[in-house]
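Quick look at start00.pdb (PDB, C-alpha atoms, pLDDT in the B column):
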```
ATOM      1  CA  MET A   1     -33.547   2.720  11.623  1.00 66.00           C
ATOM      2  CA  GLU A   2     -32.962   4.437   8.278  1.00 70.00           C
ATOM      3  CA  ILE A   3     -31.294   7.473   9.866  1.00 79.00           C
ATOM      4  CA  GLY A   4     -29.218   5.217  12.093  1.00 80.00           C
ATOM      5  CA  LEU A   5     -27.921   3.245   9.102  1.00 81.00           C
ATOM      6  CA  ILE A   6     -27.118   6.466   7.252  1.00 81.00           C
ATOM      7  CA  ILE A   7     -25.112   7.828  10.194  1.00 87.00           C
ATOM      8  CA  PHE A   8     -23.354   4.502  10.727  1.00 87.00           C
ATOM      9  CA  GLY A   9     -22.531   4.207   7.018  1.00 84.00           C
ATOM     10  CA  ALA A  10     -21.180   7.748   6.864  1.00 88.00           C
ATOM     11  CA  PHE A  11     -19.049   7.028   9.932  1.00 90.00           C
ATOM     12  CA  LEU A  12     -17.572   3.928   8.262  1.00 89.00           C
ATOM     13  CA  LEU A  13     -16.806   5.847   5.084  1.00 89.00           C
ATOM     14  CA  ILE A  14     -15.289   8.979   6.633  1.00 91.00           C
ATOM     15  CA  LEU A  15     -12.930   7.427   9.189  1.00 91.00           C
ATOM     16  CA  PRO A  16     -11.080   5.069   6.793  1.00 90.00           C
ATOM     17  CA  GLY A  17     -10.922   7.907   4.267  1.00 91.00           C
ATOM     18  CA  ILE A  18      -9.231  10.211   6.781  1.00 92.00           C
ATOM     19  CA  TRP A  19      -6.858   7.393   7.751  1.00 89.00           C
ATOM     20  CA  GLY A  20      -5.927   6.881   4.095  1.00 88.00           C
ATOM     21  CA  ILE A  21      -5.255  10.579   3.541  1.00 89.00           C
ATOM     22  CA  ARG A  22      -3.012  10.751   6.606  1.00 86.00           C
ATOM     23  CA  HIS A  23      -1.104   7.509   6.041  1.00 84.00           C
ATOM     24  CA  GLY A  24      -1.038   7.049   2.268  1.00 83.00           C
ATOM     25  CA  ILE A  25      -1.905   4.322  -0.183  1.00 82.00           C
ATOM     26  CA  GLY A  26       0.239   1.614   1.436  1.00 82.00           C
ATOM     27  CA  SER A  27      -1.667   1.820   4.705  1.00 85.00           C
ATOM     28  CA  SER A  28      -5.031   1.745   2.914  1.00 87.00           C
ATOM     29  CA  LEU A  29      -3.999  -1.399   1.028  1.00 85.00           C
ATOM     30  CA  PHE A  30      -3.021  -3.030   4.304  1.00 87.00           C
ATOM     31  CA  ALA A  31      -6.412  -2.096   5.785  1.00 89.00           C
ATOM     32  CA  LEU A  32      -8.182  -3.583   2.744  1.00 88.00           C
ATOM     33  CA  THR A  33      -6.266  -6.800   3.319  1.00 88.00           C
ATOM     34  CA  GLY A  34      -7.537  -6.928   6.902  1.00 90.00           C
ATOM     35  CA  THR A  35     -11.141  -6.389   5.774  1.00 91.00           C
ATOM     36  CA  LEU A  36     -11.002  -9.145   3.158  1.00 89.00           C
ATOM     37  CA  LEU A  37      -9.322 -11.492   5.625  1.00 91.00           C
ATOM     38  CA  ALA A  38     -12.099 -10.836   8.147  1.00 92.00           C
ATOM     39  CA  ALA A  39     -14.746 -11.558   5.481  1.00 90.00           C
ATOM     40  CA  VAL A  40     -13.076 -14.850   4.534  1.00 90.00           C
ATOM     41  CA  LEU A  41     -12.832 -15.971   8.164  1.00 91.00           C
ATOM     42  CA  VAL A  42     -16.470 -15.102   8.875  1.00 90.00           C
ATOM     43  CA  THR A  43     -17.540 -17.002   5.756  1.00 87.00           C
ATOM     44  CA  LEU A  44     -15.600 -20.086   6.825  1.00 89.00           C
ATOM     45  CA  TRP A  45     -16.417 -19.976  10.553  1.00 86.00           C
ATOM     46  CA  GLY A  46     -19.786 -18.169  10.615  1.00 82.00           C
ATOM     47  CA  SER A  47     -21.885 -21.297  11.172  1.00 82.00           C
ATOM     48  CA  TRP A  48     -19.561 -22.433  13.969  1.00 84.00           C
ATOM     49  CA  ILE A  49     -19.847 -19.000  15.656  1.00 81.00           C
ATOM     50  CA  ARG A  50     -23.651 -19.092  15.467  1.00 78.00           C
ATOM     51  CA  GLU A  51     -23.735 -22.592  16.940  1.00 78.00           C
ATOM     52  CA  ARG A  52     -21.552 -21.554  19.872  1.00 78.00           C
ATOM     53  CA  THR A  53     -23.665 -18.484  20.591  1.00 73.00           C
ATOM     54  CA  GLY A  54     -26.858 -20.534  20.341  1.00 65.00           C
ATOM     55  CA  SER A  55     -28.563 -18.015  18.076  1.00 63.00           C
ATOM     56  CA  ASN A  56     -29.269 -18.249  14.377  1.00 61.00           C
ATOM     57  CA  ASP A  57     -31.493 -15.210  13.922  1.00 58.00           C
ATOM     58  CA  GLY A  58     -30.677 -11.669  12.965  1.00 55.00           C
ATOM     59  CA  MET A  59     -31.978 -10.133  16.193  1.00 61.00           C
ATOM     60  CA  GLY A  60     -30.039 -11.950  18.903  1.00 65.00           C
ATOM     61  CA  MET A  61     -26.475 -12.980  19.609  1.00 76.00           C
ATOM     62  CA  GLY A  62     -25.988 -14.494  16.158  1.00 78.00           C
ATOM     63  CA  LEU A  63     -25.780 -11.151  14.340  1.00 82.00           C
ATOM     64  CA  ALA A  64     -23.891  -9.519  17.199  1.00 84.00           C
ATOM     65  CA  ALA A  65     -21.294 -12.303  17.261  1.00 86.00           C
ATOM     66  CA  ILE A  66     -20.795 -12.367  13.498  1.00 88.00           C
ATOM     67  CA  SER A  67     -20.549  -8.574  13.244  1.00 89.00           C
ATOM     68  CA  GLY A  68     -18.284  -8.363  16.285  1.00 90.00           C
ATOM     69  CA  VAL A  69     -15.849 -10.968  14.975  1.00 90.00           C
ATOM     70  CA  PHE A  70     -15.780  -9.338  11.557  1.00 93.00           C
ATOM     71  CA  LEU A  71     -15.139  -5.831  12.915  1.00 92.00           C
ATOM     72  CA  ALA A  72     -12.548  -7.067  15.411  1.00 92.00           C
ATOM     73  CA  ILE A  73     -10.486  -8.850  12.750  1.00 92.00           C
ATOM     74  CA  ALA A  74     -10.876  -6.039  10.218  1.00 91.00           C
ATOM     75  CA  PHE A  75      -9.743  -3.319  12.618  1.00 90.00           C
ATOM     76  CA  ILE A  76      -7.088  -5.282  14.537  1.00 91.00           C
ATOM     77  CA  VAL A  77      -5.431  -6.801  11.481  1.00 89.00           C
ATOM     78  CA  GLY A  78      -6.151  -3.979   9.031  1.00 87.00           C
ATOM     79  CA  TYR A  79      -5.479  -0.943  11.201  1.00 86.00           C
ATOM     80  CA  GLY A  80      -3.646  -2.332  14.228  1.00 85.00           C
ATOM     81  CA  GLY A  81      -1.205  -4.271  12.065  1.00 80.00           C
ATOM     82  CA  ASN A  82      -1.035  -1.247   9.821  1.00 74.00           C
ATOM     83  CA  ALA A  83       0.330   0.877  12.635  1.00 73.00           C
ATOM     84  CA  VAL A  84       2.963  -1.780  13.387  1.00 75.00           C
ATOM     85  CA  PHE A  85       4.187  -2.779   9.926  1.00 73.00           C
ATOM     86  CA  THR A  86       3.761   0.355   7.777  1.00 65.00           C
ATOM     87  CA  ARG A  87       4.904   3.956   7.978  1.00 63.00           C
ATOM     88  CA  PRO A  88       3.331   7.235   6.895  1.00 59.00           C
ATOM     89  CA  PRO A  89       4.428   8.533   3.485  1.00 58.00           C
ATOM     90  CA  LYS A  90       7.887  10.093   3.677  1.00 61.00           C
ATOM     91  CA  PRO A  91       8.333  13.808   3.015  1.00 58.00           C
ATOM     92  CA  GLY A  92      10.229  15.000  -0.005  1.00 54.00           C
ATOM     93  CA  PRO A  93      14.014  15.584  -0.066  1.00 54.00           C
ATOM     94  CA  SER A  94      13.663  19.288   0.718  1.00 50.00           C
ATOM     95  CA  GLY A  95      11.235  18.729   3.600  1.00 50.00           C
ATOM     96  CA  GLU A  96       7.977  19.330   1.714  1.00 51.00           C
ATOM     97  CA  PRO A  97       4.975  17.074   2.515  1.00 55.00           C
ATOM     98  CA  ALA A  98       4.524  13.718   0.853  1.00 57.00           C
ATOM     99  CA  PRO A  99       3.145  13.728  -2.718  1.00 73.00           C
ATOM    100  CA  LEU A 100      -0.518  14.693  -2.919  1.00 80.00           C
ATOM    101  CA  LYS A 101      -1.225  11.782  -5.276  1.00 80.00           C
ATOM    102  CA  ASN A 102      -0.214   9.282  -2.607  1.00 81.00           C
ATOM    103  CA  ARG A 103      -2.552  10.808  -0.049  1.00 85.00           C
ATOM    104  CA  VAL A 104      -5.479  11.204  -2.456  1.00 88.00           C
ATOM    105  CA  LEU A 105      -5.246   7.578  -3.599  1.00 85.00           C
ATOM    106  CA  GLY A 106      -4.916   6.500   0.024  1.00 87.00           C
ATOM    107  CA  GLY A 107      -8.082   8.421   0.899  1.00 89.00           C
ATOM    108  CA  LEU A 108     -10.026   6.890  -2.003  1.00 89.00           C
ATOM    109  CA  LEU A 109      -8.953   3.381  -1.048  1.00 88.00           C
ATOM    110  CA  GLY A 110      -9.847   4.159   2.554  1.00 90.00           C
ATOM    111  CA  VAL A 111     -13.381   5.169   1.517  1.00 90.00           C
ATOM    112  CA  LEU A 112     -13.626   1.984  -0.556  1.00 87.00           C
ATOM    113  CA  ASN A 113     -12.536  -0.031   2.465  1.00 90.00           C
ATOM    114  CA  GLY A 114     -15.228   1.599   4.598  1.00 90.00           C
ATOM    115  CA  LEU A 115     -17.773   0.829   1.893  1.00 87.00           C
ATOM    116  CA  LEU A 116     -16.716  -2.830   1.948  1.00 88.00           C
ATOM    117  CA  ILE A 117     -17.052  -3.005   5.730  1.00 91.00           C
ATOM    118  CA  PHE A 118     -20.526  -1.455   5.597  1.00 89.00           C
ATOM    119  CA  SER A 119     -21.577  -3.771   2.746  1.00 86.00           C
ATOM    120  CA  PHE A 120     -20.468  -6.889   4.606  1.00 89.00           C
ATOM    121  CA  LEU A 121     -22.322  -5.833   7.759  1.00 89.00           C
ATOM    122  CA  LEU A 122     -25.509  -5.202   5.769  1.00 86.00           C
ATOM    123  CA  ARG A 123     -25.193  -8.582   4.074  1.00 85.00           C
ATOM    124  CA  TYR A 124     -24.759 -10.386   7.402  1.00 86.00           C
ATOM    125  CA  ALA A 125     -27.864  -8.677   8.822  1.00 84.00           C
ATOM    126  CA  VAL A 126     -30.019  -9.439   5.775  1.00 82.00           C
ATOM    127  CA  ASP A 127     -28.777 -13.023   5.415  1.00 81.00           C
ATOM    128  CA  LEU A 128     -29.532 -13.722   9.077  1.00 80.00           C
ATOM    129  CA  GLY A 129     -33.033 -12.336   8.632  1.00 77.00           C
ATOM    130  CA  ASN A 130     -32.965  -9.104  10.620  1.00 77.00           C
ATOM    131  CA  PRO A 131     -36.431  -7.689   9.820  1.00 76.00           C
ATOM    132  CA  ASP A 132     -35.669  -4.017  10.434  1.00 77.00           C
ATOM    133  CA  ILE A 133     -32.500  -3.843   8.348  1.00 77.00           C
ATOM    134  CA  SER A 134     -34.002  -6.063   5.628  1.00 73.00           C
ATOM    135  CA  ALA A 135     -36.996  -3.716   5.352  1.00 76.00           C
ATOM    136  CA  VAL A 136     -34.778  -0.630   5.112  1.00 75.00           C
ATOM    137  CA  VAL A 137     -32.477  -2.215   2.520  1.00 72.00           C
ATOM    138  CA  GLY A 138     -35.433  -3.313   0.397  1.00 67.00           C
ATOM    139  CA  ALA A 139     -37.272   0.018   0.572  1.00 65.00           C
ATOM    140  CA  ALA A 140     -37.428   2.045  -2.627  1.00 50.00           C
ATOM    141  CA  SER A 141     -36.739   5.276  -0.734  1.00 54.00           C
ATOM    142  CA  VAL A 142     -33.332   3.990   0.395  1.00 59.00           C
ATOM    143  CA  LEU A 143     -31.994   2.945  -2.991  1.00 62.00           C
ATOM    144  CA  TRP A 144     -28.358   3.557  -2.081  1.00 66.00           C
ATOM    145  CA  LEU A 145     -28.533   0.991   0.738  1.00 70.00           C
ATOM    146  CA  TRP A 146     -29.887  -1.566  -1.712  1.00 68.00           C
ATOM    147  CA  ILE A 147     -27.046  -0.729  -4.109  1.00 72.00           C
ATOM    148  CA  VAL A 148     -24.450  -1.047  -1.357  1.00 74.00           C
ATOM    149  CA  TYR A 149     -25.888  -4.438  -0.385  1.00 69.00           C
ATOM    150  CA  THR A 150     -26.362  -5.795  -3.928  1.00 76.00           C
ATOM    151  CA  TRP A 151     -23.133  -4.607  -5.520  1.00 76.00           C
ATOM    152  CA  LEU A 152     -20.761  -6.107  -2.955  1.00 74.00           C
ATOM    153  CA  PRO A 153     -19.178  -8.530  -5.496  1.00 77.00           C
ATOM    154  CA  TRP A 154     -18.460  -5.567  -7.785  1.00 80.00           C
ATOM    155  CA  TYR A 155     -16.764  -3.709  -4.957  1.00 75.00           C
ATOM    156  CA  ILE A 156     -14.488  -6.665  -4.327  1.00 78.00           C
ATOM    157  CA  LEU A 157     -13.736  -6.893  -8.053  1.00 81.00           C
ATOM    158  CA  ALA A 158     -12.935  -3.164  -8.105  1.00 80.00           C
ATOM    159  CA  VAL A 159     -10.573  -3.561  -5.157  1.00 76.00           C
ATOM    160  CA  SER A 160      -8.804  -6.467  -6.863  1.00 80.00           C
ATOM    161  CA  VAL A 161      -8.403  -4.535 -10.124  1.00 84.00           C
ATOM    162  CA  ILE A 162      -7.176  -1.349  -8.404  1.00 79.00           C
ATOM    163  CA  VAL A 163      -4.656  -3.210  -6.265  1.00 78.00           C
ATOM    164  CA  SER A 164      -3.403  -5.231  -9.236  1.00 84.00           C
ATOM    165  CA  ILE A 165      -2.936  -2.119 -11.390  1.00 87.00           C
ATOM    166  CA  TRP A 166      -1.146  -0.326  -8.562  1.00 77.00           C
ATOM    167  CA  ILE A 167       1.239  -3.255  -7.967  1.00 84.00           C
ATOM    168  CA  ILE A 168       2.014  -3.640 -11.686  1.00 90.00           C
ATOM    169  CA  ALA A 169       2.657   0.104 -12.021  1.00 87.00           C
ATOM    170  CA  ARG A 170       4.997   0.086  -9.021  1.00 83.00           C
ATOM    171  CA  LEU A 171       6.917  -2.895 -10.410  1.00 89.00           C
ATOM    172  CA  LEU A 172       7.304  -1.213 -13.805  1.00 91.00           C
ATOM    173  CA  VAL A 173       8.520   2.035 -12.224  1.00 89.00           C
ATOM    174  CA  ARG A 174      11.034   0.135 -10.083  1.00 87.00           C
ATOM    175  CA  LEU A 175      12.262  -1.840 -13.104  1.00 89.00           C
ATOM    176  CA  ILE A 176      12.738   1.315 -15.180  1.00 89.00           C
ATOM    177  CA  ARG A 177      14.635   2.995 -12.348  1.00 86.00           C
ATOM    178  CA  ASN A 178      16.969   0.026 -11.980  1.00 86.00           C
ATOM    179  CA  LEU A 179      17.686   0.023 -15.704  1.00 86.00           C
ATOM    180  CA  THR A 180      18.401   3.768 -15.822  1.00 86.00           C
ATOM    181  CA  ILE A 181      20.665   3.587 -12.767  1.00 81.00           C
ATOM    182  CA  ARG A 182      22.771   0.729 -14.131  1.00 72.00           C
ATOM    183  CA  GLN A 183      23.311   2.261 -17.554  1.00 61.00           C
ATOM    184  CA  PRO A 184      25.435   5.324 -16.533  1.00 56.00           C
ATOM    185  CA  ALA A 185      27.534   3.148 -14.222  1.00 50.00           C
ATOM    186  CA  SER A 186      28.496   0.886 -17.143  1.00 49.00           C
ATOM    187  CA  THR A 187      29.508   3.858 -19.327  1.00 51.00           C
ATOM    188  CA  GLN A 188      31.771   5.336 -16.651  1.00 50.00           C
ATOM    189  CA  ARG A 189      33.822   2.228 -16.036  1.00 52.00           C
ATOM    190  CA  PRO A 190      36.105   2.620 -19.116  1.00 51.00           C
ATOM    191  CA  THR A 191      37.187   6.079 -17.907  1.00 52.00           C
ATOM    192  CA  TYR A 192      38.513   4.589 -14.667  1.00 50.00           C
ATOM    193  CA  THR A 193      40.308   1.795 -16.486  1.00 52.00           C
ATOM    194  CA  ALA A 194      41.748   4.296 -18.941  1.00 51.00           C
ATOM    195  CA  ALA A 195      43.100   6.363 -16.053  1.00 51.00           C
ATOM    196  CA  TYR A 196      44.762   3.314 -14.547  1.00 51.00           C
ATOM    197  CA  THR A 197      46.327   2.309 -17.896  1.00 53.00           C
ATOM    198  CA  GLU A 198      47.647   5.836 -18.516  1.00 53.00           C
ATOM    199  CA  GLN A 199      49.419   6.054 -15.138  1.00 57.00           C
ATOM    200  CA  PRO A 200      52.309   3.636 -15.922  1.00 61.00           C
ATOM    201  CA  ALA A 201      53.007   5.502 -19.189  1.00 61.00           C
ATOM    202  CA  LYS A 202      53.329   8.810 -17.339  1.00 59.00           C
ATOM    203  CA  THR A 203      55.659   7.183 -14.811  1.00 65.00           C
ATOM    204  CA  LYS A 204      57.937   5.942 -17.588  1.00 64.00           C
ATOM    205  CA  GLN A 205      58.086   9.394 -19.139  1.00 67.00           C
ATOM    206  CA  LEU A 206      59.085  10.961 -15.832  1.00 64.00           C
ATOM    207  CA  GLN A 207      61.759   8.328 -15.326  1.00 68.00           C
ATOM    208  CA  GLY A 208      63.148   9.020 -18.810  1.00 68.00           C
ATOM    209  CA  ILE A 209      63.314  12.745 -18.168  1.00 71.00           C
ATOM    210  CA  SER A 210      65.040  12.292 -14.804  1.00 68.00           C
ATOM    211  CA  SER A 211      67.602   9.923 -16.336  1.00 72.00           C
ATOM    212  CA  LYS A 212      68.423  12.474 -19.063  1.00 71.00           C
ATOM    213  CA  ILE A 213      68.917  15.188 -16.456  1.00 72.00           C
ATOM    214  CA  ASP A 214      71.271  12.965 -14.461  1.00 68.00           C
ATOM    215  CA  GLN A 215      73.257  12.125 -17.577  1.00 71.00           C
ATOM    216  CA  ALA A 216      73.607  15.806 -18.482  1.00 69.00           C
ATOM    217  CA  LEU A 217      74.880  16.638 -14.999  1.00 67.00           C
ATOM    218  CA  ASP A 218      77.455  13.832 -15.179  1.00 68.00           C
ATOM    219  CA  ASP A 219      78.756  15.064 -18.538  1.00 68.00           C
ATOM    220  CA  GLN A 220      79.088  18.598 -17.218  1.00 66.00           C
ATOM    221  CA  SER A 221      81.040  17.406 -14.154  1.00 66.00           C
ATOM    222  CA  ARG A 222      83.471  15.428 -16.340  1.00 67.00           C
ATOM    223  CA  ARG A 223      84.236  18.421 -18.512  1.00 65.00           C
ATOM    224  CA  ARG A 224      85.255  20.416 -15.475  1.00 60.00           C
TER     225      ARG A 224
END
```

As C-alpha cells:
Amino acid sequence: MEIGLIIFGAFLLILPGIWGIRHGIGSSLFALTGTLLAAVLVTLWGSWIRERTGSNDGMGMGLAAISGVFLAIAFIVGYGGNAVFTRPPKPGPSGEPAPLKNRVLGGLLGVLNGLLIFSFLLRYAVDLGNPDISAVVGAASVLWLWIVYTWLPWYILAVSVIVSIWIIARLLVRLIRNLTIRQPASTQRPTYTAAYTEQPAKTKQLQGISSKIDQALDDQSRRR
C-alpha cells in the first residue's frame, strides 16, 4: 500500500507540473480553480453521495464515489475547461518561445495543484475510515504522507496567497503600462494643433507674394 500511494502521489504531482510548464501560469490557475471547486462540492454534497451509494465506509462504494466525483469535477472543470477557455503562452515578437518565468511559475502551480488533489484524496480516505490508508498515513516511516494529509489547510492558504499576489502584480503592471502609454500621447497633441494653426499663416504669405507678382506684371505692361 505504501509503494502504491507513493507512485500515485508522484503521478499526481508530475502530470499537473508538466501541464503547467507547457501551458503557463494562466492554465495552472484555472486548474487550481477546478480543484477547489471540486473540494467545495464534495464537502457540500458528500453525505448525499454516500447515502445514494448506500455505503459509509472507506472500503466500499462510499470512498469510490466521493473520490470519483472529486476527480471528475477537478479534471473536467480544471483541465477540460482549461483547454476550452485558455490558450498557451504566446511567443515573443521575434518568434522566440514564451518567457521562461511564465512556464516555471505554471509548473510550480501545477505541482501545487497535484499536491492539493492528493491531499484531498488522502483526507477522504482517512475520514471515511479506510484502515489501510489510515495506517500508512499514521506510520512514522511515511512522514511525508502524514505531512501531506495534515497540512492541507496550509496548502490552501498558500494557493490563496500566491494567486492574490499574482493578480495584484498583474493589475499593477497593467496600470503602469496604461499610464506610460497615455503620457506620450498627451505631449504630442500640441504639435499637431500647432501644425494646423501654422497652415493658414503660410497660405496668407503665399497669397501676398502672388498678389505682388501680379501687380508688378501689370505695372510693366502699362509702361510698354

Task: Given all atoms listed in the file as the counted atoms, nearest of A:Arg22, A:Leu32, A:Leu100, A:Leu179 to A:Tyr155 - done: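 Ranked by minimum distance to A:Tyr155, first place goes to A:Leu32.
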
- [ ] Could you state which residues are captured by the PyMOL selection byres ((chain A and resi 25) around 10) in this file, as a list in words?
- [x] Trp19, Gly20, Ile21, Arg22, His23, Gly24, Gly26, Ser27, Ser28, Leu29, Phe30, Ala31, Pro88, Pro89, Lys101, Asn102, Arg103, Val104, Leu105, Gly106, Gly107, Leu108, Leu109, Gly110 and Trp166 of chain A

Open item on the list: Is it possible to get the residues within 10 Å of (-17.4, -13.7, 15.4) (coordinates as in the file, counting only C-alpha atoms) written as a list in words?
Closed with: Ala38, Leu41, Val42, Trp45, Gly46, Ser47, Trp48, Ile49, Arg50, Arg52, Thr53, Gly62, Leu63, Ala64, Ala65, Ile66, Ser67, Gly68, Val69, Phe70, Leu71, Ala72 and Ile73 of chain A

TODO: Would you mind listing what lies within 10 Å of A:Val126 as a VMD selection string, with only C-alpha atoms counted and same-chain residues fewer than 2 positions away left out?
DONE: chain A and resid 58 63 120 to 124 128 to 135 137 to 138 149

TODO: Could you please determine the separation between atom CA of A:Thr35 and atom CA of A:Ser119 in Å, to one decimal place?
DONE: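 Separation of atom CA of A:Thr35 and atom CA of A:Ser119: 11.2 Å.
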
Task: Distance of atom CA of A:Leu36 from atom CA of A:Leu152, expressed in Å to one decimal place - done: 11.9 Å

If I wrap all listed atoms of stretch 6-24 of chain A in a box with edges along x, y and z and add 3 Å on each side, what are its centre and edge lengths in Å to one decimal, as AutoDock Vina command-line options?
```
--center_x -14.1 --center_y 7.3 --center_z 6.5 --size_x 32.1 --size_y 12.8 --size_z 14.5
```

TODO: Work out how far atom CA of A:Val111 is from atom CA of A:Pro16, in Å to one decimal.
DONE: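 For atom CA of A:Pro16 relative to atom CA of A:Val111, the distance reads 5.8 Å.
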